[in-house]
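Next comes start_37.cif, a file with mmCIF, C-alpha atoms and all ligand atoms.
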data_run
#
loop_
_atom_site.label_atom_id
_atom_site.label_comp_id
_atom_site.auth_asym_id
_atom_site.auth_seq_id
_atom_site.Cartn_x
_atom_site.Cartn_y
_atom_site.Cartn_z
CA MET A 1 30.78 86.46 -17.26
CA GLU A 2 33.00 85.16 -14.46
CA ASN A 3 35.16 88.27 -14.27
CA SER A 4 32.26 90.36 -13.04
CA PHE A 5 32.12 88.24 -9.88
CA VAL A 6 35.74 88.86 -9.00
CA ALA A 7 34.88 92.45 -8.30
CA VAL A 8 32.13 91.56 -5.83
CA THR A 9 33.90 88.67 -4.10
CA HIS A 10 36.57 90.42 -2.08
CA ASP A 11 39.45 88.93 -0.09
CA GLU A 12 37.52 88.80 3.14
CA HIS A 13 34.96 86.55 1.49
CA ARG A 14 37.70 84.37 0.13
CA ARG A 15 39.26 83.99 3.57
CA ARG A 16 35.99 83.13 5.29
CA GLY A 17 34.59 81.08 2.37
CA MET A 18 30.93 81.08 1.32
CA ALA A 19 29.82 80.86 4.94
CA GLY A 20 30.62 84.51 5.34
CA MET A 21 29.50 85.60 1.92
CA GLU A 22 26.46 87.59 0.95
CA LEU A 23 25.29 87.07 -2.59
CA THR A 24 25.06 90.35 -4.45
CA ALA A 25 22.23 91.34 -6.75
CA GLU A 26 24.61 90.70 -9.63
CA ASN A 27 25.35 87.20 -8.35
CA ILE A 28 21.61 86.44 -8.08
CA SER A 29 21.01 87.71 -11.63
CA ALA A 30 23.80 85.52 -12.96
CA LEU A 31 22.37 82.46 -11.18
CA LYS A 32 18.87 83.21 -12.43
CA ALA A 33 20.20 83.54 -15.99
CA LEU A 34 21.98 80.19 -15.72
CA VAL A 35 18.86 78.44 -14.40
CA TYR A 36 16.71 80.01 -17.11
CA ASP A 37 19.13 79.08 -19.84
CA ARG A 38 19.42 75.47 -18.70
CA CYS A 39 15.78 74.69 -17.82
CA HIS A 40 13.62 77.70 -18.59
CA LEU A 41 12.69 78.18 -14.95
CA SER A 42 11.96 81.79 -14.19
CA PHE A 43 10.96 83.58 -11.01
CA PRO A 44 8.85 86.66 -10.48
CA ARG A 45 10.49 89.66 -8.79
CA GLY A 46 8.57 89.03 -5.57
CA ARG A 47 10.49 85.82 -4.98
CA GLU A 48 13.92 87.45 -4.93
CA SER A 49 14.51 86.96 -1.21
CA GLN A 50 13.35 83.35 -1.35
CA LEU A 51 15.71 82.75 -4.27
CA ARG A 52 18.55 84.38 -2.38
CA ARG A 53 17.94 81.96 0.53
CA TRP A 54 17.91 78.92 -1.80
CA PHE A 55 21.07 79.92 -3.64
CA THR A 56 22.89 80.75 -0.40
CA GLN A 57 21.85 77.48 1.23
CA HIS A 58 22.99 75.50 -1.78
CA ALA A 59 26.28 77.36 -2.08
CA LYS A 60 27.02 76.76 1.63
CA GLU A 61 26.17 73.07 1.43
CA GLY A 62 28.79 72.68 -1.28
CA GLN A 63 31.36 74.41 1.00
CA HIS A 64 32.61 76.56 -1.87
CA ARG A 65 35.28 79.10 -1.05
CA SER A 66 33.95 81.88 -3.21
CA PHE A 67 31.12 82.78 -5.50
CA GLU A 68 33.32 82.06 -8.54
CA ASP A 69 33.98 78.53 -7.23
CA TYR A 70 30.30 77.98 -6.64
CA TYR A 71 29.30 79.33 -10.04
CA ARG A 72 31.96 77.22 -11.76
CA ALA A 73 30.75 74.10 -9.95
CA ILE A 74 27.10 74.48 -10.90
CA SER A 75 28.01 75.43 -14.48
CA THR A 76 30.18 72.38 -15.03
CA LYS A 77 29.03 69.61 -12.69
CA ASP A 78 25.65 68.15 -13.57
CA GLY A 79 25.16 66.77 -10.06
CA GLU A 80 25.68 70.20 -8.47
CA PHE A 81 23.25 71.83 -10.84
CA GLU A 82 20.66 69.10 -10.25
CA ARG A 83 20.92 69.62 -6.49
CA LEU A 84 20.24 73.32 -6.95
CA ILE A 85 17.20 72.51 -9.10
CA SER A 86 15.93 70.13 -6.41
CA LEU A 87 16.01 73.03 -3.98
CA ILE A 88 14.26 75.61 -6.11
CA THR A 89 11.46 73.52 -7.62
CA THR A 90 8.59 72.23 -5.55
CA ARG A 91 7.82 68.57 -5.91
CA GLU A 92 4.38 68.77 -4.38
CA THR A 93 2.19 66.08 -5.89
CA TYR A 94 -0.28 63.38 -4.93
CA PHE A 95 -2.13 60.41 -6.38
CA PHE A 96 -5.13 61.21 -8.61
CA ARG A 97 -4.57 64.97 -8.41
CA MET A 98 -7.39 66.78 -10.26
CA PRO A 99 -9.69 63.71 -10.24
CA GLU A 100 -11.96 65.21 -12.91
CA GLN A 101 -9.16 64.68 -15.45
CA PHE A 102 -9.02 61.01 -14.55
CA ASP A 103 -12.81 60.89 -15.07
CA VAL A 104 -12.26 62.30 -18.58
CA LEU A 105 -9.62 59.65 -19.21
CA ARG A 106 -11.91 56.85 -18.07
CA GLY A 107 -15.08 58.15 -19.69
CA ARG A 108 -13.88 59.58 -22.97
CA VAL A 109 -10.21 59.54 -23.92
CA LEU A 110 -9.35 55.91 -23.18
CA PRO A 111 -12.57 54.53 -24.77
CA GLU A 112 -11.75 56.53 -27.93
CA ILE A 113 -8.22 55.12 -28.03
CA ILE A 114 -9.44 51.57 -27.29
CA ASN A 115 -11.94 51.89 -30.12
CA GLY A 116 -9.33 53.23 -32.57
CA GLU A 117 -6.85 50.51 -31.68
CA GLY A 118 -9.58 47.87 -32.01
CA LYS A 119 -10.31 49.07 -35.54
CA ARG A 120 -6.63 49.03 -36.45
CA ALA A 121 -6.33 45.47 -35.13
CA MET A 122 -9.39 44.33 -37.14
CA LYS A 123 -8.01 45.93 -40.30
CA ALA A 124 -4.67 44.22 -39.83
CA LEU A 125 -6.42 40.92 -39.17
CA SER A 126 -8.48 41.26 -42.35
CA ARG A 127 -5.21 41.65 -44.28
CA GLY A 128 -3.83 38.57 -42.57
CA GLU A 129 -1.35 40.66 -40.54
CA SER A 130 -0.80 40.62 -36.79
CA TYR A 131 -1.26 43.79 -34.71
CA ARG A 132 -0.74 44.37 -30.98
CA THR A 133 -2.95 47.12 -29.64
CA ASN A 134 -0.74 49.67 -27.93
CA LEU A 135 -0.87 52.74 -25.74
CA ARG A 136 1.88 55.27 -24.95
CA VAL A 137 1.45 57.76 -22.12
CA TRP A 138 3.84 60.37 -20.72
CA SER A 139 3.73 62.06 -17.35
CA ALA A 140 6.11 64.96 -18.03
CA GLY A 141 7.30 66.59 -14.79
CA CYS A 142 6.12 63.68 -12.64
CA ALA A 143 7.94 64.73 -9.42
CA SER A 144 8.06 61.56 -7.25
CA GLY A 145 5.87 59.46 -9.55
CA GLN A 146 2.37 59.58 -8.06
CA GLU A 147 0.92 61.07 -11.27
CA THR A 148 2.59 58.41 -13.42
CA TYR A 149 1.30 55.57 -11.25
CA SER A 150 -2.19 57.13 -11.12
CA LEU A 151 -2.24 57.10 -14.93
CA ALA A 152 -1.07 53.49 -15.04
CA MET A 153 -3.72 52.47 -12.48
CA GLN A 154 -6.48 54.28 -14.36
CA ILE A 155 -5.42 52.58 -17.59
CA LEU A 156 -5.35 49.10 -16.05
CA ALA A 157 -8.74 49.69 -14.42
CA THR A 158 -10.26 50.88 -17.72
CA ILE A 159 -8.82 48.59 -20.40
CA ARG A 160 -10.28 45.10 -20.42
CA TYR A 161 -7.68 42.44 -21.12
CA ALA A 162 -4.93 45.03 -20.56
CA LYS A 163 -2.39 42.21 -20.46
CA ALA A 164 -2.97 41.64 -24.18
CA TRP A 165 -1.97 45.27 -24.87
CA ASP A 166 1.46 46.79 -25.21
CA ILE A 167 1.18 49.64 -22.68
CA ARG A 168 3.99 51.94 -21.54
CA VAL A 169 3.59 54.83 -19.13
CA LEU A 170 6.68 57.03 -18.87
CA GLY A 171 7.35 59.38 -15.95
CA THR A 172 10.09 61.99 -16.32
CA ASP A 173 11.36 64.86 -14.22
CA ILE A 174 14.40 67.10 -14.04
CA ASN A 175 14.68 66.26 -10.37
CA ARG A 176 16.76 63.11 -9.88
CA GLU A 177 15.77 62.65 -6.23
CA GLY A 178 12.10 62.59 -7.25
CA ILE A 179 12.79 60.00 -9.96
CA GLU A 180 14.64 57.78 -7.46
CA VAL A 181 11.62 57.85 -5.12
CA ALA A 182 9.32 57.13 -8.08
CA LYS A 183 11.33 54.06 -9.06
CA THR A 184 10.87 52.51 -5.61
CA GLY A 185 7.08 52.77 -5.89
CA ARG A 186 6.89 53.08 -2.11
CA TYR A 187 4.83 55.84 -0.51
CA GLU A 188 3.63 56.92 2.89
CA ARG A 189 0.17 55.61 3.58
CA MET A 190 -0.86 58.81 5.33
CA ARG A 191 -0.24 60.79 2.11
CA LEU A 192 -2.78 58.93 0.01
CA GLY A 193 -5.24 61.79 0.51
CA LYS A 194 -8.25 61.46 -1.73
CA THR A 195 -6.98 58.47 -3.73
CA PRO A 196 -10.12 56.50 -4.71
CA PRO A 197 -10.50 53.59 -2.25
CA GLN A 198 -10.95 51.07 -5.10
CA MET A 199 -7.56 52.11 -6.52
CA ILE A 200 -5.90 51.72 -3.12
CA GLU A 201 -7.52 48.34 -2.73
CA ARG A 202 -6.45 47.05 -6.16
CA TYR A 203 -3.08 48.66 -6.76
CA LEU A 204 -1.49 49.94 -3.53
CA GLU A 205 -0.42 47.13 -1.24
CA PRO A 206 -0.15 47.94 2.47
CA ARG A 207 3.36 47.18 3.70
CA ALA A 208 4.61 47.82 7.20
CA ALA A 209 2.59 50.20 9.32
CA SER A 210 3.12 53.35 7.37
CA GLU A 211 3.83 52.41 3.74
CA VAL A 212 2.05 51.29 0.63
CA TRP A 213 3.85 49.69 -2.32
CA VAL A 214 2.66 50.07 -5.88
CA ALA A 215 1.51 46.68 -7.19
CA ASP A 216 3.79 44.84 -9.60
CA GLU A 217 1.27 44.90 -12.46
CA VAL A 218 1.32 48.72 -12.28
CA LYS A 219 5.11 48.94 -12.00
CA GLU A 220 5.50 46.58 -14.95
CA ILE A 221 3.97 49.08 -17.37
CA THR A 222 5.84 52.16 -16.04
CA ASP A 223 9.32 53.56 -16.66
CA PHE A 224 11.04 56.56 -15.09
CA GLN A 225 13.78 58.77 -16.47
CA VAL A 226 15.47 62.05 -15.57
CA LEU A 227 14.62 64.50 -18.35
CA ASN A 228 14.84 68.25 -18.63
CA LEU A 229 11.87 69.53 -20.64
CA ARG A 230 14.25 72.05 -22.13
CA ASP A 231 16.21 69.21 -23.75
CA LEU A 232 14.63 69.59 -27.17
CA PRO A 233 16.88 67.09 -29.02
CA ARG A 234 15.84 64.38 -26.56
CA MET A 235 12.20 65.32 -26.90
CA GLU A 236 12.52 65.04 -30.67
CA SER A 237 13.08 61.32 -30.22
CA PHE A 238 9.44 61.19 -29.00
CA LYS A 239 8.03 62.73 -32.19
CA ASN A 240 4.43 61.55 -32.85
CA TYR A 241 4.89 58.94 -30.13
CA PHE A 242 2.42 59.52 -27.30
CA ASP A 243 -1.34 59.01 -27.19
CA ILE A 244 -1.65 61.01 -23.98
CA ILE A 245 0.64 63.51 -22.24
CA PHE A 246 0.06 64.84 -18.75
CA CYS A 247 2.21 67.93 -18.13
CA ARG A 248 0.59 69.46 -15.07
CA ASN A 249 1.78 72.09 -12.63
CA VAL A 250 5.14 72.29 -14.40
CA MET A 251 4.60 75.28 -16.67
CA ILE A 252 3.90 77.47 -13.67
CA TYR A 253 7.68 77.91 -13.45
CA PHE A 254 8.03 78.94 -17.09
CA ASP A 255 7.54 82.42 -18.51
CA LEU A 256 5.20 82.78 -21.50
CA PRO A 257 7.74 82.32 -24.33
CA ALA A 258 9.10 79.24 -22.56
CA GLN A 259 5.53 77.89 -22.02
CA GLN A 260 4.77 78.37 -25.69
CA GLY A 261 7.97 76.57 -26.70
CA LEU A 262 7.18 73.70 -24.33
CA VAL A 263 3.60 73.31 -25.59
CA SER A 264 4.84 73.26 -29.16
CA ALA A 265 7.45 70.59 -28.30
CA LEU A 266 4.87 68.51 -26.40
CA SER A 267 2.46 68.78 -29.29
CA ASP A 268 5.17 67.39 -31.60
CA CYS A 269 5.49 64.44 -29.24
CA LEU A 270 1.77 63.61 -29.53
CA ARG A 271 0.57 61.34 -32.28
CA PRO A 272 -2.24 62.85 -34.41
CA GLY A 273 -5.45 62.65 -32.37
CA GLY A 274 -3.46 62.48 -29.11
CA TYR A 275 -4.31 64.44 -25.94
CA LEU A 276 -2.48 66.91 -23.70
CA PHE A 277 -3.62 67.59 -20.12
CA THR A 278 -2.22 70.58 -18.24
CA GLY A 279 -2.61 71.72 -14.64
CA GLU A 280 -5.13 74.00 -13.04
CA GLY A 281 -4.54 77.55 -14.24
CA GLU A 282 -2.23 76.35 -17.01
CA VAL A 283 -4.61 77.21 -19.83
CA LEU A 284 -2.91 77.88 -23.11
CA HIS A 285 -4.95 80.87 -24.23
CA LEU A 286 -2.25 83.54 -23.92
CA TYR A 287 -0.26 82.39 -26.92
CA GLU A 288 -0.73 80.56 -30.20
CA HIS A 289 -0.40 76.80 -30.22
CA PRO A 290 -1.26 74.02 -32.63
CA LEU A 291 -3.75 72.12 -30.43
CA GLU A 292 -7.58 72.01 -30.40
CA ILE A 293 -9.26 72.92 -27.12
CA VAL A 294 -11.70 70.41 -25.65
CA GLU A 295 -14.00 71.48 -22.83
CA GLU A 296 -15.87 68.93 -20.83
CA GLY A 297 -17.54 69.76 -17.53
CA GLU A 298 -14.90 71.43 -15.40
CA SER A 299 -12.04 70.11 -17.52
CA ILE A 300 -10.19 71.83 -20.32
CA TYR A 301 -7.72 69.74 -22.23
CA TYR A 302 -6.13 69.71 -25.68
CA ARG A 303 -6.15 67.49 -28.74
CA LYS A 304 -3.74 67.27 -31.66
CA ALA A 305 -5.65 67.31 -34.94
CA GLU A 306 -5.76 64.15 -37.04
CA GLU A 307 -3.61 64.48 -40.14
C1 LIG B 1 4.63 70.71 -8.61
S1 LIG B 1 5.43 69.34 -9.38
C2 LIG B 1 4.10 68.65 -10.33
C3 LIG B 1 4.06 67.15 -10.28
C4 LIG B 1 2.87 66.52 -11.03
N1 LIG B 1 2.92 66.81 -12.43
C5 LIG B 1 1.57 66.97 -10.44
O1 LIG B 1 0.86 67.78 -11.08
O2 LIG B 1 1.22 66.55 -9.35
C6 LIG B 1 6.40 70.16 -10.63
C7 LIG B 1 7.53 69.31 -11.18
O3 LIG B 1 8.03 69.91 -12.38
C8 LIG B 1 9.41 69.62 -12.45
N2 LIG B 1 10.07 70.51 -13.41
C9 LIG B 1 10.21 71.85 -13.35
N3 LIG B 1 10.93 72.30 -14.40
C10 LIG B 1 11.24 71.21 -15.15
C11 LIG B 1 11.98 71.04 -16.36
N4 LIG B 1 12.58 72.05 -17.00
N5 LIG B 1 12.09 69.78 -16.84
C12 LIG B 1 11.52 68.74 -16.20
N6 LIG B 1 10.82 68.84 -15.05
C13 LIG B 1 10.69 70.08 -14.52
C14 LIG B 1 9.86 69.83 -11.01
O4 LIG B 1 11.10 69.19 -10.76
C15 LIG B 1 8.70 69.22 -10.21
O5 LIG B 1 8.94 67.88 -9.87
#

Once you've parsed the file, please lay out its structure as structure tokens.
Amino acid sequence: MENSFVAVTHDEHRRRGMAGMELTAENISALKALVYDRCHLSFPRGRESQLRRWFTQHAKEGQHRSFEDYYRAISTKDGEFERLISLITTRETYFFRMPEQFDVLRGRVLPEIINGEGKRAMKALSRGESYRTNLRVWSAGCASGQETYSLAMQILATIRYAKAWDIRVLGTDINREGIEVAKTGRYERMRLGKTPPQMIERYLEPRAASEVWVADEVKEITDFQVLNLRDLPRMESFKNYFDIIFCRNVMIYFDLPAQQGLVSALSDCLRPGGYLFTGEGEVLHLYEHPLEIVEEGESIYYRKAEE
């Protein structure tokens, strides 16, 4: 593939470095193919000029001397590729986004799980065995962590005696910068938007004039990791593991075959009877998938059948 760039990157470009270089249509196609191959992100034709700006900005920041140098760097250095991904994906997010889904969690999904776990504990007890009720939740594509912490807050507010449970809420994203912000648990107070006041009161501690810090009891049940949702071997380690997955406003970047592949992989990660929540407009009706559709009020979400 690299040879094709030699033809379009002439001596003048080499002399002046990337600063003087225009990316050709061929260069853009090669970059798009690399990004699709690595993380399934795809871009409609209308966003070509935007893409060109992102790629050019990134290439210039790295002070590469030619397109070949730039392409080699992002193909081989994980950090370089991650920085490009940070540029081209939007990390827009906020606490308790799509509040109706949190209502469904509180009113239906969590009570069902609490009930099921209670029964399992009673059964174990009757056999003289010990059993710790547990809950596993994944916020896949969590950006800077607000979704993950919202889930953790909703869980703590809903489960009585939550301390007796083994609860883990995992937030993952391909974007390392977002994950670093998430780990701090520190957010600008002015960006709390429509976060329910009782959640702010209980779980977001005001610090300094402009910040809130996520309360320790919420942080204690959360973990964050960098994870590319295209990394199927890593996702296989989550087989039948999660009770609930939130993967919202992530698939918008994926074309239909990639969406279908992702939904199938996420469904494998759910335990039987587990739930998948997707974002607004990310309804899964355009392709086949193994999940049952649940409609409740304004919310559509998905359930993995019991075995
Ligand atoms: C708009 S944010 C959504 C954040 C949150 N889920 C919400 O709904 O508020 C989309 C996130 O998806 C992440 N993303 C896109 N492609 C990804 C991939 N292949 N693997 C993991 N995360 C990805 C982006 O980095 C970005 O942080």

Which is closest to His285 in chain A among A:Arg202, A:Ile300, A:Arg176, A:Ile88, if we use only C-alpha atoms? A:Ile300

A:Gly128, A:Pro206, A:Gly261, A:Pro290: which is nearest ligand LIG 1 (chain B), counting all atoms listed in the file? A:Gly261

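Note that CA of Gly193 in chain A and CA of Pro99 in chain A are 11.8 Å apart.
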
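Here the question is which of A:Thr278, A:Thr56, A:Asn27, A:Thr195 gets nearest to Asn249 in chain A using all atoms listed in the file, and that residue is A:Thr278.
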
Compile the contact shell of range 82-87 of chain A as a ChimeraX atom specification: residues with an atom at most 12 Å away, counting all atoms listed in the file, same-chain residues fewer than 3 positions apart removed. /A:31-32,34-36,38-42,50-62,70-71,73-79,90-92,143-144,173-179,226-228,253

Which residue, A:Val214, A:Val109, A:Ile252, A:Leu284, has the smallest gap to Ala182 in chain A when you use all atoms listed in the file? A:Val214

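You will find CA of Asn115 in chain A at 19.2 Å from CA of Asn240 in chain A.
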
Residues near Asp223 in chain A, anyone? I mean within 12 Å using all atoms listed in the file, not counting same-chain ones fewer than 4 positions away, as a count of residues only. 25

Who sits within 8 Å of Ser150 in chain A, only C-alpha atoms, same chain under 4 positions skipped, as a PDB file with C-alpha atoms, in the frame of the given file:
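What landed in around-v4.pdb:
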ATOM      1  CA  PHE A  95      -2.130  60.410  -6.380  1.00  0.00           C
ATOM      2  CA  PHE A  96      -5.130  61.210  -8.610  1.00  0.00           C
ATOM      3  CA  GLN A 146       2.370  59.580  -8.060  1.00  0.00           C
ATOM      4  CA  GLN A 154      -6.480  54.280 -14.360  1.00  0.00           C
TER       5      GLN A 154
END

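Put simply, atom C4 of ligand LIG 1 (chain B) is 13.8 Å away from CA of Leu276 in chain A.
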